[in-house]
Amino acid sequence: MTGILVVNHFLNSSKFNELHTHLITCAKNRNIDLSLKTNLELATQDAQADFVLFWDKDINLAKRLEKNGLPVFNSSRSIALCDDKASTYIELDGIVPQPRTLVAPKCFFKSDMSEFVENAINILGLPLVFKECFGSFGEQVYLCRSFDEIISHISEKPFILQEFISDSAGRDVRLEIVGSKCVSAAARENKNDFRSNVTNGGTMHAYTPSEEEIATAVRACEKLGLTFGGVDILQNGMVCEVNSNAHIMNIMNSTGVDIAPLIFNEIMEKIR
């Protein structure tokens, strides 16, 4: 069996290279010839394989590969829904519990959002969480305590404003779901930041999720169409974010569970 691992050409660091090497090694152990291709390479090349493991967010490339008949995991639709925090919230609204969230109106350049921000403060209260719709590792996410602080983060980029769950400040749990099953979970904590991300200085340790947390994470992944995904759940059981291609090395190092072989097993089941 042959596969293509699609990665981003412009994210070339030891952290990402370690992950890519691990995925290729795990594939080889399952008799899968997994070749690495960057989105820059595939922008001008055709691709042939039994499947594509798409560890990137280049949605247009994923769509093109799908249109050429290649099974892509996760699908372009699922990656797009997870990559855009506004889309994630809307897709999961009424499906799983989430913090109250307001999606900023679309604008085509930096605009006066004063009225929206004032209304949001009246609805959500202060402090609240400002999130640019596109970003990873907790970047472009800010805890804002005033009108002026919110305004200072606004650019032409789309964003959401979200209720701050103070009881979960710096704490959440990450559940890894593969094939509608919870295969690993970790508790994350950052004592110096309201964001729990390990990249921002947080720590992780193995965690036994409740049945309710598992059910919530599975529902979220199924609604988003994910073959595999990482679901971040706050202390009150609300879904914070869903990741279509979470950095699985962190959770493997903290729990001892290697998710990569489970992903390949699920992909092989789906394409047989």
# chains A, B, ... in the order shown; residues from 1 in each chain; ligands from 1

$ residues_around --residues "Ser146 in chain A" --least-positions-apart "3" --cutoff "9 Å" --atoms "only C-alpha atoms" --output "ChimeraX atom specification"
/A:121,126-128,149-151

$ write_last_selection --atoms "C-alpha atoms" --output "mmCIF file, in the first residue's frame"
data_model
loop_
_atom_site.group_PDB
_atom_site.id
_atom_site.type_symbol
_atom_site.label_atom_id
_atom_site.label_comp_id
_atom_site.auth_asym_id
_atom_site.auth_seq_id
_atom_site.Cartn_x
_atom_site.Cartn_y
_atom_site.Cartn_z
ATOM 1 C CA ILE A 121 -19.305 42.940 26.173
ATOM 2 C CA LEU A 126 -15.592 40.930 30.830
ATOM 3 C CA PRO A 127 -13.035 39.524 30.689
ATOM 4 C CA LEU A 128 -13.667 37.697 27.432
ATOM 5 C CA GLU A 149 -7.891 45.804 24.818
ATOM 6 C CA ILE A 150 -10.310 44.021 22.492
ATOM 7 C CA ILE A 151 -10.107 46.829 19.931
#

$ residues_around --residues "Lys85 in chain A" --least-positions-apart "6" --cutoff "9 Å" --atoms "only C-alpha atoms" --output "VMD selection string"
chain A and resid 131 to 135 159 to 160 241 to 242

$ closest_residue --among "A:Leu262, A:Ala80, A:Ile123, A:Val198" --to "Ser180 in chain A" --atoms "only C-alpha atoms"
A:Leu262

$ select_by_dssp --residues "range 20-213 of chain A" --states "helix (DSSP H, G or I)" --output "VMD selection string"
chain A and resid 20 to 29 39 to 42 59 to 67 76 to 83 85 to 92 114 to 124 147 to 152 166 to 168 198 to 200 211 to 213

$ residues_around --residues "Ser76 in chain A" --least-positions-apart "4" --cutoff "12 Å" --atoms "only C-alpha atoms" --output "number ranges by chain"
A: 52-67, 70-72, 80-83, 224-227, 244-245

$ write_last_selection --atoms "C-alpha atoms" --output "tab-separated table (two decimals), in the first residue's frame"
chain	number	residue	atom	x	y	z
A	52	VAL	CA	-3.23	10.84	1.45
A	53	LEU	CA	-2.50	11.64	5.10
A	54	PHE	CA	-3.02	15.40	5.01
A	55	TRP	CA	-1.08	16.92	7.91
A	56	ASP	CA	-1.57	20.48	6.77
A	57	LYS	CA	-4.27	23.12	6.37
A	58	ASP	CA	-3.85	23.91	2.68
A	59	ILE	CA	-7.56	23.38	1.98
A	60	ASN	CA	-7.43	24.07	-1.75
A	61	LEU	CA	-4.72	21.46	-2.23
A	62	ALA	CA	-6.71	18.90	-0.24
A	63	LYS	CA	-9.77	19.63	-2.39
A	64	ARG	CA	-7.76	19.20	-5.59
A	65	LEU	CA	-6.39	15.84	-4.44
A	66	GLU	CA	-9.91	14.70	-3.57
A	67	LYS	CA	-11.23	15.83	-6.94
A	70	LEU	CA	-7.53	10.32	-3.88
A	71	PRO	CA	-8.90	9.41	-0.43
A	72	VAL	CA	-7.72	12.23	1.85
A	80	ALA	CA	-11.62	23.55	6.89
A	81	LEU	CA	-14.24	23.30	9.65
A	82	CYS	CA	-11.56	22.79	12.32
A	83	ASP	CA	-9.16	25.40	10.96
A	224	LEU	CA	-17.06	17.52	11.88
A	225	GLY	CA	-16.47	14.37	9.82
A	226	LEU	CA	-13.07	13.63	11.34
A	227	THR	CA	-11.45	10.23	10.94
A	244	SER	CA	-7.91	18.04	12.70
A	245	ASN	CA	-4.18	17.35	12.91

$ residues_around --residues "Asp112 in chain A" --least-positions-apart "3" --cutoff "10 Å" --atoms "only C-alpha atoms" --output "JSON, numbers by chain"
{"A": [107, 109, 115, 116, 117, 151, 154, 155]}

$ write_last_selection --atoms "all heavy atoms" --output "mmCIF file, in the first residue's frame"
data_model
loop_
_atom_site.group_PDB
_atom_site.id
_atom_site.type_symbol
_atom_site.label_atom_id
_atom_site.label_comp_id
_atom_site.auth_asym_id
_atom_site.auth_seq_id
_atom_site.Cartn_x
_atom_site.Cartn_y
_atom_site.Cartn_z
ATOM 1 N N CYS A 107 -15.583 41.727 7.243
ATOM 2 C CA CYS A 107 -15.159 42.989 6.635
ATOM 3 C C CYS A 107 -13.990 42.697 5.700
ATOM 4 O O CYS A 107 -13.360 41.645 5.792
ATOM 5 C CB CYS A 107 -14.755 44.008 7.702
ATOM 6 S SG CYS A 107 -13.352 43.502 8.727
ATOM 7 N N PHE A 109 -11.425 44.916 5.090
ATOM 8 C CA PHE A 109 -10.245 45.656 5.519
ATOM 9 C C PHE A 109 -10.488 46.038 6.973
ATOM 10 O O PHE A 109 -11.591 45.834 7.493
ATOM 11 C CB PHE A 109 -10.008 46.903 4.651
ATOM 12 C CG PHE A 109 -11.269 47.656 4.343
ATOM 13 C CD1 PHE A 109 -11.813 48.568 5.246
ATOM 14 C CD2 PHE A 109 -11.937 47.444 3.143
ATOM 15 C CE1 PHE A 109 -12.972 49.250 4.970
ATOM 16 C CE2 PHE A 109 -13.111 48.127 2.859
ATOM 17 C CZ PHE A 109 -13.635 49.033 3.763
ATOM 18 N N GLU A 115 -19.226 49.028 17.681
ATOM 19 C CA GLU A 115 -20.590 48.638 18.025
ATOM 20 C C GLU A 115 -20.673 47.152 18.335
ATOM 21 O O GLU A 115 -21.326 46.746 19.308
ATOM 22 C CB GLU A 115 -21.542 48.988 16.877
ATOM 23 C CG GLU A 115 -23.001 48.678 17.180
ATOM 24 C CD GLU A 115 -23.930 49.086 16.054
ATOM 25 O OE1 GLU A 115 -23.458 49.731 15.090
ATOM 26 O OE2 GLU A 115 -25.136 48.748 16.123
ATOM 27 N N PHE A 116 -20.008 46.331 17.511
ATOM 28 C CA PHE A 116 -20.002 44.885 17.754
ATOM 29 C C PHE A 116 -19.350 44.569 19.089
ATOM 30 O O PHE A 116 -19.860 43.753 19.872
ATOM 31 C CB PHE A 116 -19.270 44.155 16.623
ATOM 32 C CG PHE A 116 -19.014 42.703 16.893
ATOM 33 C CD1 PHE A 116 -20.047 41.779 16.899
ATOM 34 C CD2 PHE A 116 -17.725 42.248 17.161
ATOM 35 C CE1 PHE A 116 -19.811 40.444 17.157
ATOM 36 C CE2 PHE A 116 -17.477 40.918 17.431
ATOM 37 C CZ PHE A 116 -18.526 40.011 17.424
ATOM 38 N N VAL A 117 -18.220 45.202 19.389
ATOM 39 C CA VAL A 117 -17.502 44.930 20.632
ATOM 40 C C VAL A 117 -18.333 45.347 21.840
ATOM 41 O O VAL A 117 -18.410 44.621 22.848
ATOM 42 C CB VAL A 117 -16.130 45.632 20.624
ATOM 43 C CG1 VAL A 117 -15.465 45.529 21.999
ATOM 44 C CG2 VAL A 117 -15.224 45.024 19.561
ATOM 45 N N ILE A 151 -10.297 46.032 21.146
ATOM 46 C CA ILE A 151 -10.107 46.829 19.931
ATOM 47 C C ILE A 151 -8.660 46.744 19.442
ATOM 48 O O ILE A 151 -8.389 46.698 18.240
ATOM 49 C CB ILE A 151 -10.496 48.300 20.179
ATOM 50 C CG1 ILE A 151 -12.013 48.426 20.399
ATOM 51 C CG2 ILE A 151 -10.048 49.190 19.024
ATOM 52 C CD1 ILE A 151 -12.860 48.097 19.188
ATOM 53 N N ILE A 154 -7.893 43.886 16.971
ATOM 54 C CA ILE A 154 -8.688 43.747 15.746
ATOM 55 C C ILE A 154 -7.915 44.253 14.536
ATOM 56 O O ILE A 154 -7.339 45.350 14.552
ATOM 57 C CB ILE A 154 -10.025 44.503 15.877
ATOM 58 C CG1 ILE A 154 -10.876 43.873 16.978
ATOM 59 C CG2 ILE A 154 -10.791 44.501 14.551
ATOM 60 C CD1 ILE A 154 -12.176 44.602 17.258
ATOM 61 N N SER A 155 -7.885 43.430 13.499
ATOM 62 C CA SER A 155 -7.293 43.816 12.222
ATOM 63 C C SER A 155 -8.314 43.479 11.143
ATOM 64 O O SER A 155 -9.504 43.391 11.410
ATOM 65 C CB SER A 155 -5.981 43.060 12.007
ATOM 66 O OG SER A 155 -6.223 41.670 11.880
#

$ residues_around --residues "range 8-13 of chain A" --least-positions-apart "6" --cutoff "6 Å" --atoms "only C-alpha atoms" --output "list in words"
Thr38, Asn39, Leu40 and Asp56 of chain A

$ residues_around --residues "range 28-34 of chain A" --least-positions-apart "5" --cutoff "6 Å" --atoms "only C-alpha atoms" --output "list in words"
Met1, Thr2, Gly3 and Ile4 of chain A

$ residues_around --residues "range 96-101 of chain A" --least-positions-apart "4" --cutoff "8 Å" --atoms "only C-alpha atoms" --output "short mmCIF file (atom, residue, chain, number, x, y, z; two decimals) with N, CA, C and O atoms, in the first residue's frame"
data_model
loop_
_atom_site.label_atom_id
_atom_site.label_comp_id
_atom_site.auth_asym_id
_atom_site.auth_seq_id
_atom_site.Cartn_x
_atom_site.Cartn_y
_atom_site.Cartn_z
N TYR A 89 -17.36 26.51 15.69
CA TYR A 89 -18.43 26.86 16.65
C TYR A 89 -19.81 26.67 16.02
O TYR A 89 -20.70 26.07 16.62
N LEU A 92 -20.82 22.99 15.48
CA LEU A 92 -21.06 22.24 16.71
C LEU A 92 -22.16 22.85 17.58
O LEU A 92 -22.53 22.26 18.60
N LEU A 124 -21.49 38.94 26.74
CA LEU A 124 -20.53 37.96 27.27
C LEU A 124 -19.89 38.40 28.57
O LEU A 124 -19.38 37.56 29.32
N ILE A 160 -13.44 35.78 16.52
CA ILE A 160 -14.60 35.53 17.36
C ILE A 160 -14.31 36.08 18.76
O ILE A 160 -13.15 36.24 19.15
N LEU A 161 -15.38 36.37 19.49
CA LEU A 161 -15.28 36.73 20.91
C LEU A 161 -16.03 35.66 21.69
O LEU A 161 -17.12 35.25 21.31
N GLN A 162 -15.42 35.22 22.76
CA GLN A 162 -15.93 34.05 23.46
C GLN A 162 -15.98 34.29 24.97
O GLN A 162 -15.10 34.95 25.55
N GLU A 163 -17.01 33.73 25.59
CA GLU A 163 -17.14 33.78 27.04
C GLU A 163 -15.90 33.17 27.71
O GLU A 163 -15.41 32.12 27.29
N PHE A 164 -15.40 33.84 28.74
CA PHE A 164 -14.25 33.33 29.49
C PHE A 164 -14.74 32.42 30.60
O PHE A 164 -15.52 32.83 31.46
N ILE A 165 -14.28 31.17 30.57
CA ILE A 165 -14.65 30.20 31.61
C ILE A 165 -13.54 30.23 32.66
O ILE A 165 -12.51 29.56 32.53
N THR A 216 -18.87 13.52 24.44
CA THR A 216 -18.81 14.86 23.85
C THR A 216 -17.77 14.92 22.75
O THR A 216 -18.02 15.45 21.66
N ARG A 219 -18.91 12.93 19.65
CA ARG A 219 -19.96 13.66 18.92
C ARG A 219 -19.35 14.80 18.10
O ARG A 219 -19.74 15.03 16.95
N ALA A 220 -18.41 15.51 18.70
CA ALA A 220 -17.78 16.63 17.99
C ALA A 220 -17.06 16.14 16.75
O ALA A 220 -17.20 16.71 15.66
N GLY A 237 -16.87 20.86 31.02
CA GLY A 237 -17.40 19.95 30.01
C GLY A 237 -17.64 20.57 28.65
O GLY A 237 -18.11 19.89 27.73
N MET A 238 -17.34 21.85 28.49
CA MET A 238 -17.55 22.52 27.22
C MET A 238 -16.38 22.30 26.27
O MET A 238 -15.22 22.24 26.69
N VAL A 239 -16.68 22.17 24.98
CA VAL A 239 -15.63 22.03 23.97
C VAL A 239 -15.02 23.39 23.69
O VAL A 239 -15.73 24.37 23.39
N CYS A 240 -13.71 23.47 23.80
CA CYS A 240 -12.99 24.71 23.52
C CYS A 240 -12.57 24.77 22.05
O CYS A 240 -12.84 25.74 21.36
#

$ decode --residues "range 6-41 of chain A" --atoms "N, CA, C and O atoms" --output "PDB file, in the first residue's frame"
ATOM      1  N   VAL A   6       1.224  14.696   3.367  1.00  0.00           N
ATOM      2  CA  VAL A   6       1.298  16.087   2.927  1.00  0.00           C
ATOM      3  C   VAL A   6       1.586  16.979   4.127  1.00  0.00           C
ATOM      4  O   VAL A   6       0.860  16.942   5.130  1.00  0.00           O
ATOM      5  N   VAL A   7       2.650  17.771   4.028  1.00  0.00           N
ATOM      6  CA  VAL A   7       3.032  18.693   5.099  1.00  0.00           C
ATOM      7  C   VAL A   7       3.242  20.075   4.500  1.00  0.00           C
ATOM      8  O   VAL A   7       3.300  20.239   3.280  1.00  0.00           O
ATOM      9  N   ASN A   8       3.353  21.060   5.372  1.00  0.00           N
ATOM     10  CA  ASN A   8       3.547  22.422   4.909  1.00  0.00           C
ATOM     11  C   ASN A   8       5.018  22.718   4.667  1.00  0.00           C
ATOM     12  O   ASN A   8       5.857  22.504   5.550  1.00  0.00           O
ATOM     13  N   HIS A   9       5.318  23.202   3.485  1.00  0.00           N
ATOM     14  CA  HIS A   9       6.701  23.484   3.096  1.00  0.00           C
ATOM     15  C   HIS A   9       7.343  24.537   3.999  1.00  0.00           C
ATOM     16  O   HIS A   9       8.560  24.528   4.209  1.00  0.00           O
ATOM     17  N   PHE A  10       6.523  25.426   4.554  1.00  0.00           N
ATOM     18  CA  PHE A  10       7.043  26.583   5.252  1.00  0.00           C
ATOM     19  C   PHE A  10       7.106  26.388   6.774  1.00  0.00           C
ATOM     20  O   PHE A  10       7.476  27.304   7.498  1.00  0.00           O
ATOM     21  N   LEU A  11       6.742  25.198   7.245  1.00  0.00           N
ATOM     22  CA  LEU A  11       6.864  24.859   8.663  1.00  0.00           C
ATOM     23  C   LEU A  11       7.958  23.804   8.796  1.00  0.00           C
ATOM     24  O   LEU A  11       7.696  22.618   8.948  1.00  0.00           O
ATOM     25  N   ASN A  12       9.174  24.261   8.730  1.00  0.00           N
ATOM     26  CA  ASN A  12      10.322  23.359   8.707  1.00  0.00           C
ATOM     27  C   ASN A  12      11.143  23.560   9.977  1.00  0.00           C
ATOM     28  O   ASN A  12      12.044  24.380  10.038  1.00  0.00           O
ATOM     29  N   SER A  13      10.780  22.799  11.005  1.00  0.00           N
ATOM     30  CA  SER A  13      11.497  22.892  12.276  1.00  0.00           C
ATOM     31  C   SER A  13      11.656  21.494  12.850  1.00  0.00           C
ATOM     32  O   SER A  13      11.027  20.537  12.379  1.00  0.00           O
ATOM     33  N   SER A  14      12.481  21.362  13.881  1.00  0.00           N
ATOM     34  CA  SER A  14      12.723  20.038  14.471  1.00  0.00           C
ATOM     35  C   SER A  14      11.434  19.440  15.020  1.00  0.00           C
ATOM     36  O   SER A  14      11.221  18.226  14.964  1.00  0.00           O
ATOM     37  N   LYS A  15      10.556  20.292  15.551  1.00  0.00           N
ATOM     38  CA  LYS A  15       9.291  19.819  16.110  1.00  0.00           C
ATOM     39  C   LYS A  15       8.452  19.131  15.041  1.00  0.00           C
ATOM     40  O   LYS A  15       7.923  18.034  15.259  1.00  0.00           O
ATOM     41  N   PHE A  16       8.318  19.766  13.892  1.00  0.00           N
ATOM     42  CA  PHE A  16       7.518  19.188  12.821  1.00  0.00           C
ATOM     43  C   PHE A  16       8.243  18.026  12.146  1.00  0.00           C
ATOM     44  O   PHE A  16       7.632  17.019  11.802  1.00  0.00           O
ATOM     45  N   ASN A  17       9.545  18.158  11.964  1.00  0.00           N
ATOM     46  CA  ASN A  17      10.304  17.085  11.318  1.00  0.00           C
ATOM     47  C   ASN A  17      10.268  15.798  12.134  1.00  0.00           C
ATOM     48  O   ASN A  17      10.221  14.697  11.575  1.00  0.00           O
ATOM     49  N   GLU A  18      10.300  15.925  13.461  1.00  0.00           N
ATOM     50  CA  GLU A  18      10.202  14.748  14.330  1.00  0.00           C
ATOM     51  C   GLU A  18       8.872  14.030  14.113  1.00  0.00           C
ATOM     52  O   GLU A  18       8.821  12.799  14.020  1.00  0.00           O
ATOM     53  N   LEU A  19       7.804  14.807  14.028  1.00  0.00           N
ATOM     54  CA  LEU A  19       6.482  14.227  13.798  1.00  0.00           C
ATOM     55  C   LEU A  19       6.423  13.532  12.445  1.00  0.00           C
ATOM     56  O   LEU A  19       5.935  12.401  12.338  1.00  0.00           O
ATOM     57  N   HIS A  20       6.923  14.173  11.408  1.00  0.00           N
ATOM     58  CA  HIS A  20       6.865  13.596  10.063  1.00  0.00           C
ATOM     59  C   HIS A  20       7.646  12.285   9.998  1.00  0.00           C
ATOM     60  O   HIS A  20       7.179  11.299   9.419  1.00  0.00           O
ATOM     61  N   THR A  21       8.831  12.281  10.616  1.00  0.00           N
ATOM     62  CA  THR A  21       9.644  11.062  10.639  1.00  0.00           C
ATOM     63  C   THR A  21       8.925   9.942  11.378  1.00  0.00           C
ATOM     64  O   THR A  21       8.937   8.781  10.959  1.00  0.00           O
ATOM     65  N   HIS A  22       8.272  10.299  12.468  1.00  0.00           N
ATOM     66  CA  HIS A  22       7.550   9.292  13.250  1.00  0.00           C
ATOM     67  C   HIS A  22       6.409   8.688  12.441  1.00  0.00           C
ATOM     68  O   HIS A  22       6.200   7.466  12.464  1.00  0.00           O
ATOM     69  N   LEU A  23       5.664   9.510  11.737  1.00  0.00           N
ATOM     70  CA  LEU A  23       4.548   9.018  10.925  1.00  0.00           C
ATOM     71  C   LEU A  23       5.048   8.087   9.818  1.00  0.00           C
ATOM     72  O   LEU A  23       4.450   7.033   9.565  1.00  0.00           O
ATOM     73  N   ILE A  24       6.138   8.451   9.183  1.00  0.00           N
ATOM     74  CA  ILE A  24       6.690   7.615   8.104  1.00  0.00           C
ATOM     75  C   ILE A  24       7.175   6.283   8.658  1.00  0.00           C
ATOM     76  O   ILE A  24       6.954   5.219   8.050  1.00  0.00           O
ATOM     77  N   THR A  25       7.816   6.295   9.821  1.00  0.00           N
ATOM     78  CA  THR A  25       8.295   5.058  10.440  1.00  0.00           C
ATOM     79  C   THR A  25       7.138   4.147  10.827  1.00  0.00           C
ATOM     80  O   THR A  25       7.171   2.932  10.603  1.00  0.00           O
ATOM     81  N   CYS A  26       6.093   4.729  11.420  1.00  0.00           N
ATOM     82  CA  CYS A  26       4.920   3.936  11.804  1.00  0.00           C
ATOM     83  C   CYS A  26       4.241   3.324  10.580  1.00  0.00           C
ATOM     84  O   CYS A  26       3.775   2.179  10.628  1.00  0.00           O
ATOM     85  N   ALA A  27       4.189   4.078   9.496  1.00  0.00           N
ATOM     86  CA  ALA A  27       3.595   3.555   8.266  1.00  0.00           C
ATOM     87  C   ALA A  27       4.408   2.381   7.737  1.00  0.00           C
ATOM     88  O   ALA A  27       3.850   1.344   7.332  1.00  0.00           O
ATOM     89  N   LYS A  28       5.719   2.519   7.757  1.00  0.00           N
ATOM     90  CA  LYS A  28       6.593   1.446   7.272  1.00  0.00           C
ATOM     91  C   LYS A  28       6.389   0.168   8.073  1.00  0.00           C
ATOM     92  O   LYS A  28       6.395  -0.943   7.510  1.00  0.00           O
ATOM     93  N   ASN A  29       6.185   0.291   9.371  1.00  0.00           N
ATOM     94  CA  ASN A  29       5.950  -0.872  10.224  1.00  0.00           C
ATOM     95  C   ASN A  29       4.644  -1.585   9.894  1.00  0.00           C
ATOM     96  O   ASN A  29       4.436  -2.720  10.315  1.00  0.00           O
ATOM     97  N   ARG A  30       3.765  -0.900   9.156  1.00  0.00           N
ATOM     98  CA  ARG A  30       2.505  -1.503   8.716  1.00  0.00           C
ATOM     99  C   ARG A  30       2.507  -1.776   7.220  1.00  0.00           C
ATOM    100  O   ARG A  30       1.472  -1.839   6.564  1.00  0.00           O
ATOM    101  N   ASN A  31       3.709  -1.878   6.671  1.00  0.00           N
ATOM    102  CA  ASN A  31       3.902  -2.177   5.247  1.00  0.00           C
ATOM    103  C   ASN A  31       3.246  -1.141   4.345  1.00  0.00           C
ATOM    104  O   ASN A  31       2.711  -1.470   3.270  1.00  0.00           O
ATOM    105  N   ILE A  32       3.286   0.099   4.775  1.00  0.00           N
ATOM    106  CA  ILE A  32       2.792   1.209   3.969  1.00  0.00           C
ATOM    107  C   ILE A  32       3.988   2.044   3.533  1.00  0.00           C
ATOM    108  O   ILE A  32       4.803   2.470   4.360  1.00  0.00           O
ATOM    109  N   ASP A  33       4.095   2.238   2.238  1.00  0.00           N
ATOM    110  CA  ASP A  33       5.154   3.085   1.691  1.00  0.00           C
ATOM    111  C   ASP A  33       4.632   4.518   1.675  1.00  0.00           C
ATOM    112  O   ASP A  33       3.906   4.923   0.771  1.00  0.00           O
ATOM    113  N   LEU A  34       4.977   5.277   2.717  1.00  0.00           N
ATOM    114  CA  LEU A  34       4.464   6.637   2.885  1.00  0.00           C
ATOM    115  C   LEU A  34       5.538   7.633   2.465  1.00  0.00           C
ATOM    116  O   LEU A  34       6.580   7.739   3.102  1.00  0.00           O
ATOM    117  N   SER A  35       5.285   8.359   1.392  1.00  0.00           N
ATOM    118  CA  SER A  35       6.247   9.346   0.902  1.00  0.00           C
ATOM    119  C   SER A  35       5.829  10.742   1.341  1.00  0.00           C
ATOM    120  O   SER A  35       4.642  11.069   1.379  1.00  0.00           O
ATOM    121  N   LEU A  36       6.803  11.541   1.702  1.00  0.00           N
ATOM    122  CA  LEU A  36       6.532  12.896   2.175  1.00  0.00           C
ATOM    123  C   LEU A  36       6.544  13.871   1.004  1.00  0.00           C
ATOM    124  O   LEU A  36       7.467  13.874   0.189  1.00  0.00           O
ATOM    125  N   LYS A  37       5.499  14.684   0.935  1.00  0.00           N
ATOM    126  CA  LYS A  37       5.410  15.734  -0.080  1.00  0.00           C
ATOM    127  C   LYS A  37       4.954  17.016   0.604  1.00  0.00           C
ATOM    128  O   LYS A  37       4.072  16.994   1.468  1.00  0.00           O
ATOM    129  N   THR A  38       5.542  18.135   0.206  1.00  0.00           N
ATOM    130  CA  THR A  38       5.093  19.410   0.754  1.00  0.00           C
ATOM    131  C   THR A  38       4.011  20.011  -0.140  1.00  0.00           C
ATOM    132  O   THR A  38       3.871  19.649  -1.313  1.00  0.00           O
ATOM    133  N   ASN A  39       3.274  20.946   0.439  1.00  0.00           N
ATOM    134  CA  ASN A  39       2.237  21.602  -0.360  1.00  0.00           C
ATOM    135  C   ASN A  39       2.834  22.422  -1.495  1.00  0.00           C
ATOM    136  O   ASN A  39       2.194  22.603  -2.540  1.00  0.00           O
ATOM    137  N   LEU A  40       4.070  22.892  -1.334  1.00  0.00           N
ATOM    138  CA  LEU A  40       4.725  23.595  -2.438  1.00  0.00           C
ATOM    139  C   LEU A  40       5.013  22.642  -3.592  1.00  0.00           C
ATOM    140  O   LEU A  40       4.772  22.977  -4.753  1.00  0.00           O
ATOM    141  N   GLU A  41       5.523  21.458  -3.285  1.00  0.00           N
ATOM    142  CA  GLU A  41       5.798  20.478  -4.340  1.00  0.00           C
ATOM    143  C   GLU A  41       4.529  20.087  -5.083  1.00  0.00           C
ATOM    144  O   GLU A  41       4.488  20.050  -6.319  1.00  0.00           O
TER     145      GLU A  41
END
